[in-house]
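J.: mmCIF, C-alpha atoms, saved as input-v8.cif, coming up:
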data_model
#
loop_
_atom_site.group_PDB
_atom_site.id
_atom_site.type_symbol
_atom_site.label_atom_id
_atom_site.label_comp_id
_atom_site.auth_asym_id
_atom_site.auth_seq_id
_atom_site.Cartn_x
_atom_site.Cartn_y
_atom_site.Cartn_z
ATOM 1 C CA MET A 7 -9.239 -0.921 23.203
ATOM 2 C CA TYR A 8 -6.545 -0.041 20.668
ATOM 3 C CA GLN A 9 -3.849 -0.192 23.363
ATOM 4 C CA TRP A 10 -5.085 -3.609 24.499
ATOM 5 C CA VAL A 11 -5.001 -5.020 20.941
ATOM 6 C CA THR A 12 -1.527 -3.555 20.433
ATOM 7 C CA LEU A 13 -0.291 -5.117 23.669
ATOM 8 C CA VAL A 14 -1.734 -8.553 22.809
ATOM 9 C CA SER A 15 -0.245 -8.481 19.309
ATOM 10 C CA LEU A 16 3.129 -7.439 20.700
ATOM 11 C CA TRP A 17 3.290 -10.286 23.230
ATOM 12 C CA ALA A 18 1.430 -13.107 21.417
ATOM 13 C CA ILE A 19 4.411 -14.673 19.625
ATOM 14 C CA PRO A 20 6.926 -14.453 22.500
ATOM 15 C CA VAL A 21 4.376 -15.927 24.939
ATOM 16 C CA LEU A 22 3.590 -18.744 22.486
ATOM 17 C CA ILE A 23 7.282 -19.582 22.055
ATOM 18 C CA VAL A 24 7.878 -19.641 25.819
ATOM 19 C CA PHE A 25 4.739 -21.768 26.296
ATOM 20 C CA VAL A 26 5.907 -24.343 23.720
ATOM 21 C CA LEU A 27 9.375 -24.509 25.256
ATOM 22 C CA LEU A 28 8.048 -24.898 28.808
ATOM 23 C CA HIS A 29 5.427 -27.443 27.765
ATOM 24 C CA GLY A 30 8.062 -29.494 25.938
ATOM 25 C CA TRP A 31 10.415 -29.290 28.914
ATOM 26 C CA ARG A 32 7.618 -30.368 31.276
ATOM 27 C CA ARG A 33 6.819 -33.383 29.112
ATOM 28 C CA GLN A 34 10.549 -34.114 28.672
ATOM 29 C CA VAL A 35 10.410 -33.680 24.899
ATOM 30 C CA PRO A 36 13.726 -32.808 23.252
ATOM 31 C CA VAL A 37 12.372 -29.565 21.800
ATOM 32 C CA TYR A 38 15.332 -28.644 19.615
ATOM 33 C CA GLU A 39 15.593 -32.128 18.124
ATOM 34 C CA ALA A 40 11.838 -32.180 17.465
ATOM 35 C CA PHE A 41 12.149 -28.791 15.779
ATOM 36 C CA VAL A 42 14.987 -30.012 13.550
ATOM 37 C CA GLU A 43 12.993 -33.133 12.577
ATOM 38 C CA GLY A 44 10.017 -30.952 11.684
ATOM 39 C CA ALA A 45 12.248 -28.691 9.595
ATOM 40 C CA LYS A 46 13.570 -31.744 7.717
ATOM 41 C CA GLY A 47 10.003 -32.819 6.942
ATOM 42 C CA GLY A 48 9.125 -29.304 5.805
ATOM 43 C CA LEU A 49 12.106 -29.231 3.464
ATOM 44 C CA GLY A 50 10.970 -32.468 1.829
ATOM 45 C CA THR A 51 7.473 -31.088 1.378
ATOM 46 C CA THR A 52 8.892 -27.907 -0.143
ATOM 47 C CA ILE A 53 10.879 -29.899 -2.686
ATOM 48 C CA ARG A 54 7.797 -31.991 -3.601
ATOM 49 C CA ILE A 55 5.531 -28.982 -4.181
ATOM 50 C CA LEU A 56 8.068 -26.685 -5.855
ATOM 51 C CA PRO A 57 7.245 -27.773 -9.452
ATOM 52 C CA HIS A 58 3.543 -27.158 -8.814
ATOM 53 C CA LEU A 59 4.251 -23.690 -7.400
ATOM 54 C CA ILE A 60 6.525 -22.721 -10.283
ATOM 55 C CA ALA A 61 3.954 -23.829 -12.860
ATOM 56 C CA MET A 62 1.214 -21.831 -11.149
ATOM 57 C CA MET A 63 3.337 -18.690 -10.780
ATOM 58 C CA VAL A 64 4.453 -18.795 -14.428
ATOM 59 C CA SER A 65 0.850 -19.252 -15.590
ATOM 60 C CA VAL A 66 -0.407 -16.282 -13.569
ATOM 61 C CA THR A 67 2.417 -14.054 -14.777
ATOM 62 C CA MET A 68 1.842 -15.044 -18.400
ATOM 63 C CA PHE A 69 -1.883 -14.307 -18.078
ATOM 64 C CA ARG A 70 -1.264 -10.830 -16.712
ATOM 65 C CA GLU A 71 1.689 -9.855 -18.884
ATOM 66 C CA SER A 72 0.333 -11.197 -22.187
ATOM 67 C CA GLY A 73 -2.553 -8.744 -22.214
ATOM 68 C CA ALA A 74 -5.115 -11.533 -21.856
ATOM 69 C CA LEU A 75 -6.451 -9.893 -18.692
ATOM 70 C CA ASP A 76 -7.024 -6.590 -20.517
ATOM 71 C CA LEU A 77 -8.733 -8.401 -23.386
ATOM 72 C CA LEU A 78 -10.970 -10.247 -20.935
ATOM 73 C CA LEU A 79 -11.887 -6.987 -19.184
ATOM 74 C CA ALA A 80 -12.848 -5.395 -22.499
ATOM 75 C CA GLY A 81 -15.105 -8.354 -23.310
ATOM 76 C CA LEU A 82 -16.728 -8.344 -19.871
ATOM 77 C CA LYS A 83 -17.412 -4.590 -19.773
ATOM 78 C CA PRO A 84 -21.086 -4.798 -20.901
ATOM 79 C CA LEU A 85 -21.843 -7.526 -18.350
ATOM 80 C CA LEU A 86 -20.032 -5.650 -15.595
ATOM 81 C CA ASP A 87 -22.005 -2.491 -16.347
ATOM 82 C CA LEU A 88 -25.246 -4.470 -16.239
ATOM 83 C CA LEU A 89 -24.337 -6.021 -12.860
ATOM 84 C CA HIS A 90 -22.980 -2.727 -11.463
ATOM 85 C CA PHE A 91 -19.689 -4.493 -10.720
ATOM 86 C CA PRO A 92 -16.685 -2.128 -10.712
ATOM 87 C CA GLU A 93 -14.290 -2.943 -13.538
ATOM 88 C CA GLU A 94 -11.340 -2.116 -11.280
ATOM 89 C CA LEU A 95 -12.124 -5.133 -9.090
ATOM 90 C CA VAL A 96 -12.229 -7.771 -11.852
ATOM 91 C CA PRO A 97 -8.462 -8.430 -11.681
ATOM 92 C CA LEU A 98 -8.807 -8.987 -7.934
ATOM 93 C CA ALA A 99 -11.762 -11.342 -8.420
ATOM 94 C CA LEU A 100 -9.908 -13.290 -11.104
ATOM 95 C CA LEU A 101 -6.502 -13.467 -9.439
ATOM 96 C CA ARG A 102 -7.654 -14.189 -5.883
ATOM 97 C CA PRO A 103 -8.264 -17.915 -6.574
ATOM 98 C CA LEU A 104 -4.818 -18.108 -8.162
ATOM 99 C CA THR A 105 -2.455 -16.160 -5.965
ATOM 100 C CA GLY A 106 -2.671 -14.559 -2.556
ATOM 101 C CA THR A 107 0.311 -12.295 -3.121
ATOM 102 C CA GLY A 108 -0.878 -11.097 -6.526
ATOM 103 C CA SER A 109 -4.388 -10.418 -5.284
ATOM 104 C CA LEU A 110 -3.055 -8.672 -2.185
ATOM 105 C CA ALA A 111 -0.942 -6.431 -4.424
ATOM 106 C CA ILE A 112 -4.026 -5.548 -6.471
ATOM 107 C CA ALA A 113 -6.100 -4.898 -3.325
ATOM 108 C CA THR A 114 -3.300 -2.754 -1.876
ATOM 109 C CA ASP A 115 -3.090 -0.727 -5.097
ATOM 110 C CA LEU A 116 -6.857 -0.210 -5.124
ATOM 111 C CA ILE A 117 -6.874 0.902 -1.490
ATOM 112 C CA ALA A 118 -3.895 3.213 -2.076
ATOM 113 C CA GLN A 119 -5.516 4.709 -5.193
ATOM 114 C CA TYR A 120 -9.101 5.105 -3.957
ATOM 115 C CA GLY A 121 -8.639 5.130 -0.173
ATOM 116 C CA PRO A 122 -9.558 2.584 2.501
ATOM 117 C CA ASP A 123 -12.928 4.230 3.209
ATOM 118 C CA SER A 124 -14.003 4.407 -0.439
ATOM 119 C CA PHE A 125 -16.517 1.976 -1.903
ATOM 120 C CA LEU A 126 -13.782 0.315 -3.992
ATOM 121 C CA GLY A 127 -11.404 0.127 -1.030
ATOM 122 C CA ARG A 128 -14.021 -1.475 1.194
ATOM 123 C CA LEU A 129 -15.109 -3.850 -1.549
ATOM 124 C CA ALA A 130 -11.514 -4.879 -2.284
ATOM 125 C CA ALA A 131 -10.852 -5.539 1.407
ATOM 126 C CA THR A 132 -14.093 -7.498 1.781
ATOM 127 C CA MET A 133 -13.396 -9.578 -1.335
ATOM 128 C CA GLN A 134 -9.872 -10.275 -0.126
ATOM 129 C CA GLY A 135 -11.243 -11.589 3.146
ATOM 130 C CA SER A 136 -14.241 -13.446 1.693
ATOM 131 C CA THR A 137 -12.451 -15.525 -0.923
ATOM 132 C CA ASP A 138 -9.544 -17.925 -0.892
ATOM 133 C CA THR A 139 -6.572 -18.842 -3.036
ATOM 134 C CA THR A 140 -8.314 -21.978 -4.267
ATOM 135 C CA LEU A 141 -5.879 -23.023 -6.994
ATOM 136 C CA TYR A 142 -2.903 -22.293 -4.751
ATOM 137 C CA VAL A 143 -4.400 -24.419 -1.965
ATOM 138 C CA LEU A 144 -5.147 -27.271 -4.353
ATOM 139 C CA THR A 145 -1.713 -27.039 -5.924
ATOM 140 C CA VAL A 146 0.226 -26.919 -2.691
ATOM 141 C CA TYR A 147 -1.740 -29.187 -0.389
ATOM 142 C CA PHE A 148 -2.996 -31.724 -2.896
ATOM 143 C CA GLY A 149 0.424 -31.766 -4.561
ATOM 144 C CA ALA A 150 2.113 -32.298 -1.195
ATOM 145 C CA VAL A 151 0.107 -35.412 -0.400
ATOM 146 C CA GLY A 152 -0.051 -36.697 -3.976
ATOM 147 C CA ILE A 153 -3.771 -36.269 -4.709
ATOM 148 C CA ARG A 154 -4.265 -36.132 -8.467
ATOM 149 C CA ASN A 155 -8.068 -36.127 -8.800
ATOM 150 C CA SER A 156 -9.075 -32.738 -7.442
ATOM 151 C CA GLY A 157 -12.028 -32.030 -9.719
ATOM 152 C CA TYR A 158 -14.711 -31.818 -7.037
ATOM 153 C CA ALA A 159 -12.547 -29.742 -4.718
ATOM 154 C CA LEU A 160 -11.778 -27.365 -7.599
ATOM 155 C CA LYS A 161 -15.462 -26.933 -8.463
ATOM 156 C CA VAL A 162 -16.491 -26.327 -4.852
ATOM 157 C CA GLY A 163 -13.596 -23.938 -4.274
ATOM 158 C CA LEU A 164 -14.283 -21.855 -7.373
ATOM 159 C CA TRP A 165 -18.036 -21.728 -6.668
ATOM 160 C CA SER A 166 -17.199 -20.601 -3.137
ATOM 161 C CA ASP A 167 -14.936 -17.882 -4.512
ATOM 162 C CA LEU A 168 -17.700 -16.713 -6.849
ATOM 163 C CA ALA A 169 -20.136 -16.627 -3.922
ATOM 164 C CA GLY A 170 -17.571 -14.632 -1.921
ATOM 165 C CA VAL A 171 -17.273 -12.066 -4.718
ATOM 166 C CA ILE A 172 -21.041 -11.781 -5.201
ATOM 167 C CA PHE A 173 -21.854 -11.493 -1.516
ATOM 168 C CA SER A 174 -18.995 -9.054 -0.971
ATOM 169 C CA LEU A 175 -20.546 -6.771 -3.569
ATOM 170 C CA LEU A 176 -24.018 -7.195 -2.074
ATOM 171 C CA VAL A 177 -22.957 -6.641 1.541
ATOM 172 C CA VAL A 178 -20.667 -3.670 0.832
ATOM 173 C CA SER A 179 -23.336 -2.116 -1.407
ATOM 174 C CA TYR A 180 -25.983 -2.609 1.296
ATOM 175 C CA VAL A 181 -23.867 -1.470 4.239
ATOM 176 C CA PHE A 182 -21.862 1.341 2.633
ATOM 177 C CA GLY A 183 -23.655 1.877 -0.656
#
Do you think you could lay out the structure here as structure tokens?

T.:
Amino acid sequence: MYQWVTLVSLWAIPVLIVFVLLHGWRRQVPVYEAFVEGAKGGLGTTIRILPHLIAMMVSVTMFRESGALDLLLAGLKPLLDLLHFPEELVPLALLRPLTGTGSLAIATDLIAQYGPDSFLGRLAATMQGSTDTTLYVLTVYFGAVGIRNSGYALKVGLWSDLAGVIFSLLVVSYVFG
């Protein structure tokens, strides 16, 4: 099974590229010109969303580096103990809606420190897969198309992230606990 998955992952991208080129040639689409036009559109989108991305990245960095995260963890400690929620995973739960890269770095550190088969490693991996970068998605995609009123989407996204964290803890505790 492992060899089959390795083979598929090795050939997936090259086969997809050849398929797109052959399909475009068959339909007489100027593939290179279409690619260049798409790249031009992508560049315009990048320029439109860049201020939103910079603002979000600066905010996340300031939150972490200012010590506000440590202060928040100290205040939440009694509640976390009551809920049996590992304190080590709070930064992951808080940063996941903000930044995929930051939360992946935290999850990677947790897995490296405690091991992939530990309770914390499994919980970090499950939380990473069960939640989304809600604020990033709203910033990038809503900013790209010019949507300014994102209140309902923000509420639903954050509630979904909270549900992902809660059910990750429940499922990992039940299955591996």

J.: Show me the residues close to (-24.0, 0.5, 1.9) - anything with an atom within 12 Å, counting only C-alpha atoms - and format the list as a VMD selection string.

T.: chain A and resid 123 to 126 128 to 129 174 to 183

J.: Evaluating the PyMOL selection byres ((chain A and resi 133) around 9) on the displayed file yields which residues, as number ranges by chain?

T.: A: 98-99, 102, 113, 128-132, 134-137, 170-175

J.: Identify, on the basis of all atoms listed in the file, every residue whose closest approach to stretch 65-73 of chain A does not exceed 10 Å; exclude the query and any residue fewer than 2 positions from it along the same chain; express the result as a PyMOL selection string.

T.: chain A and resi 59-63+75-79+97+101+104-105+108

J.: Create the file for the chosen residues now, containing C-alpha atoms and written as a PDB file, keeping the file's coordinate frame.

T.:
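Okay, this is what ended up in part02.pdb:
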ATOM      1  CA  LEU A  59       4.251 -23.690  -7.400  1.00  0.00           C
ATOM      2  CA  ILE A  60       6.525 -22.721 -10.283  1.00  0.00           C
ATOM      3  CA  ALA A  61       3.954 -23.829 -12.860  1.00  0.00           C
ATOM      4  CA  MET A  62       1.214 -21.831 -11.149  1.00  0.00           C
ATOM      5  CA  MET A  63       3.337 -18.690 -10.780  1.00  0.00           C
ATOM      6  CA  LEU A  75      -6.451  -9.893 -18.692  1.00  0.00           C
ATOM      7  CA  ASP A  76      -7.024  -6.590 -20.517  1.00  0.00           C
ATOM      8  CA  LEU A  77      -8.733  -8.401 -23.386  1.00  0.00           C
ATOM      9  CA  LEU A  78     -10.970 -10.247 -20.935  1.00  0.00           C
ATOM     10  CA  LEU A  79     -11.887  -6.987 -19.184  1.00  0.00           C
ATOM     11  CA  PRO A  97      -8.462  -8.430 -11.681  1.00  0.00           C
ATOM     12  CA  LEU A 101      -6.502 -13.467  -9.439  1.00  0.00           C
ATOM     13  CA  LEU A 104      -4.818 -18.108  -8.162  1.00  0.00           C
ATOM     14  CA  THR A 105      -2.455 -16.160  -5.965  1.00  0.00           C
ATOM     15  CA  GLY A 108      -0.878 -11.097  -6.526  1.00  0.00           C
TER      16      GLY A 108
END

J.: Nearest residue to A:Gly127 out of A:Ala18, A:Ala45, A:Val162, A:Ile112, using only C-alpha atoms?

T.: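 Closest to A:Gly127 of all the choices is A:Ile112.
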
J.: What does the distance between atom CA of A:Leu100 and atom CA of A:Gly81 come to in Å, to one decimal place?

T.: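 Going from atom CA of A:Leu100 over to atom CA of A:Gly81 covers 14.2 Å.
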
J.: Kindly compute an axis-aligned box around the listed atoms of stretch 67-81 of chain A, allowing 4 Å on each side, and express its centre and edge lengths in Å to one decimal as AutoDock Vina command-line options.

T.:
--center_x -6.3 --center_y -10.2 --center_z -19.1 --size_x 25.5 --size_y 17.6 --size_z 16.6

J.: Which of these, A:Ala159, A:Val26, A:Leu13, A:Leu95, has the shortest distance to A:Tyr147 once you count all atoms listed in the file?

T.: A:Ala159

J.: Find the distance between atom CA of A:Thr140 and atom CA of A:Gly163 and write it in Å to one decimal.

T.: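 Computing it gives 5.6 Å between the two atoms.
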
J.: Find the residue from A:Ala150, A:Val35, A:Val24, A:Val96 that sits nearest to A:Leu49; use only C-alpha atoms when measuring.

T.: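 Counting only C-alpha atoms, the residue closest to A:Leu49 is A:Ala150.
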
J.: From the coordinates supplied, stretch 37-50 of chain A should be written with all heavy atoms, as a tab-separated table (two decimals), in the first residue's frame.

T.:
chain	number	residue	atom	x	y	z
A	37	VAL	N	-2.43	27.33	-24.95
A	37	VAL	CA	-2.19	27.03	-23.54
A	37	VAL	C	-1.25	28.03	-22.90
A	37	VAL	O	-1.51	28.55	-21.82
A	37	VAL	CB	-1.66	25.59	-23.38
A	37	VAL	CG1	-1.33	25.29	-21.93
A	37	VAL	CG2	-2.66	24.59	-23.91
A	38	TYR	N	-0.15	28.34	-23.56
A	38	TYR	CA	0.82	29.27	-22.97
A	38	TYR	C	0.20	30.65	-22.79
A	38	TYR	O	0.36	31.28	-21.75
A	38	TYR	CB	2.08	29.35	-23.84
A	38	TYR	CG	3.11	30.29	-23.27
A	38	TYR	CD1	3.86	29.91	-22.16
A	38	TYR	CD2	3.31	31.55	-23.82
A	38	TYR	CE1	4.79	30.77	-21.62
A	38	TYR	CE2	4.24	32.41	-23.28
A	38	TYR	CZ	4.98	32.02	-22.18
A	38	TYR	OH	5.90	32.87	-21.65
A	39	GLU	N	-0.51	31.12	-23.80
A	39	GLU	CA	-1.14	32.44	-23.72
A	39	GLU	C	-2.19	32.47	-22.62
A	39	GLU	O	-2.33	33.45	-21.89
A	39	GLU	CB	-1.75	32.84	-25.06
A	39	GLU	CG	-0.73	33.20	-26.14
A	39	GLU	CD	-0.09	31.97	-26.78
A	39	GLU	OE1	-0.54	30.83	-26.52
A	39	GLU	OE2	0.87	32.15	-27.54
A	40	ALA	N	-2.96	31.39	-22.49
A	40	ALA	CA	-3.96	31.31	-21.42
A	40	ALA	C	-3.27	31.31	-20.05
A	40	ALA	O	-3.76	31.94	-19.10
A	40	ALA	CB	-4.80	30.06	-21.58
A	41	PHE	N	-2.14	30.63	-19.96
A	41	PHE	CA	-1.38	30.62	-18.71
A	41	PHE	C	-0.89	32.01	-18.35
A	41	PHE	O	-0.99	32.45	-17.20
A	41	PHE	CB	-0.21	29.65	-18.82
A	41	PHE	CG	0.70	29.65	-17.63
A	41	PHE	CD1	0.32	29.01	-16.46
A	41	PHE	CD2	1.92	30.31	-17.67
A	41	PHE	CE1	1.15	29.02	-15.35
A	41	PHE	CE2	2.75	30.33	-16.57
A	41	PHE	CZ	2.37	29.68	-15.40
A	42	VAL	N	-0.36	32.73	-19.33
A	42	VAL	CA	0.14	34.09	-19.09
A	42	VAL	C	-1.00	35.02	-18.67
A	42	VAL	O	-0.84	35.84	-17.75
A	42	VAL	CB	0.89	34.62	-20.34
A	42	VAL	CG1	1.20	36.10	-20.21
A	42	VAL	CG2	2.16	33.82	-20.57
A	43	GLU	N	-2.17	34.90	-19.31
A	43	GLU	CA	-3.32	35.72	-18.92
A	43	GLU	C	-3.75	35.42	-17.48
A	43	GLU	O	-4.08	36.32	-16.72
A	43	GLU	CB	-4.49	35.49	-19.87
A	43	GLU	CG	-4.35	36.19	-21.20
A	43	GLU	CD	-4.21	37.70	-21.05
A	43	GLU	OE1	-5.01	38.32	-20.30
A	43	GLU	OE2	-3.30	38.26	-21.68
A	44	GLY	N	-3.74	34.16	-17.12
A	44	GLY	CA	-4.08	33.78	-15.75
A	44	GLY	C	-3.07	34.33	-14.75
A	44	GLY	O	-3.44	34.77	-13.66
A	45	ALA	N	-1.79	34.31	-15.12
A	45	ALA	CA	-0.76	34.85	-14.24
A	45	ALA	C	-0.94	36.35	-14.06
A	45	ALA	O	-0.75	36.88	-12.96
A	45	ALA	CB	0.63	34.54	-14.81
A	46	LYS	N	-1.34	37.06	-15.13
A	46	LYS	CA	-1.59	38.50	-15.02
A	46	LYS	C	-2.74	38.75	-14.04
A	46	LYS	O	-2.67	39.66	-13.21
A	46	LYS	CB	-1.95	39.09	-16.38
A	46	LYS	CG	-0.78	39.29	-17.30
A	46	LYS	CD	-1.27	39.90	-18.61
A	46	LYS	CE	-0.19	39.92	-19.64
A	46	LYS	NZ	-0.67	40.42	-20.95
A	47	GLY	N	-3.80	37.97	-14.14
A	47	GLY	CA	-4.93	38.12	-13.22
A	47	GLY	C	-4.52	37.83	-11.78
A	47	GLY	O	-4.96	38.50	-10.85
A	48	GLY	N	-3.69	36.82	-11.60
A	48	GLY	CA	-3.21	36.47	-10.26
A	48	GLY	C	-2.36	37.55	-9.66
A	48	GLY	O	-2.43	37.83	-8.46
A	49	LEU	N	-1.57	38.22	-10.49
A	49	LEU	CA	-0.73	39.32	-10.01
A	49	LEU	C	-1.60	40.48	-9.52
A	49	LEU	O	-1.33	41.07	-8.47
A	49	LEU	CB	0.23	39.78	-11.10
A	49	LEU	CG	1.25	40.84	-10.71
A	49	LEU	CD1	2.13	40.34	-9.57
A	49	LEU	CD2	2.10	41.22	-11.91
A	50	GLY	N	-2.65	40.78	-10.25
A	50	GLY	CA	-3.56	41.85	-9.84
A	50	GLY	C	-4.25	41.52	-8.52
A	50	GLY	O	-4.39	42.38	-7.63
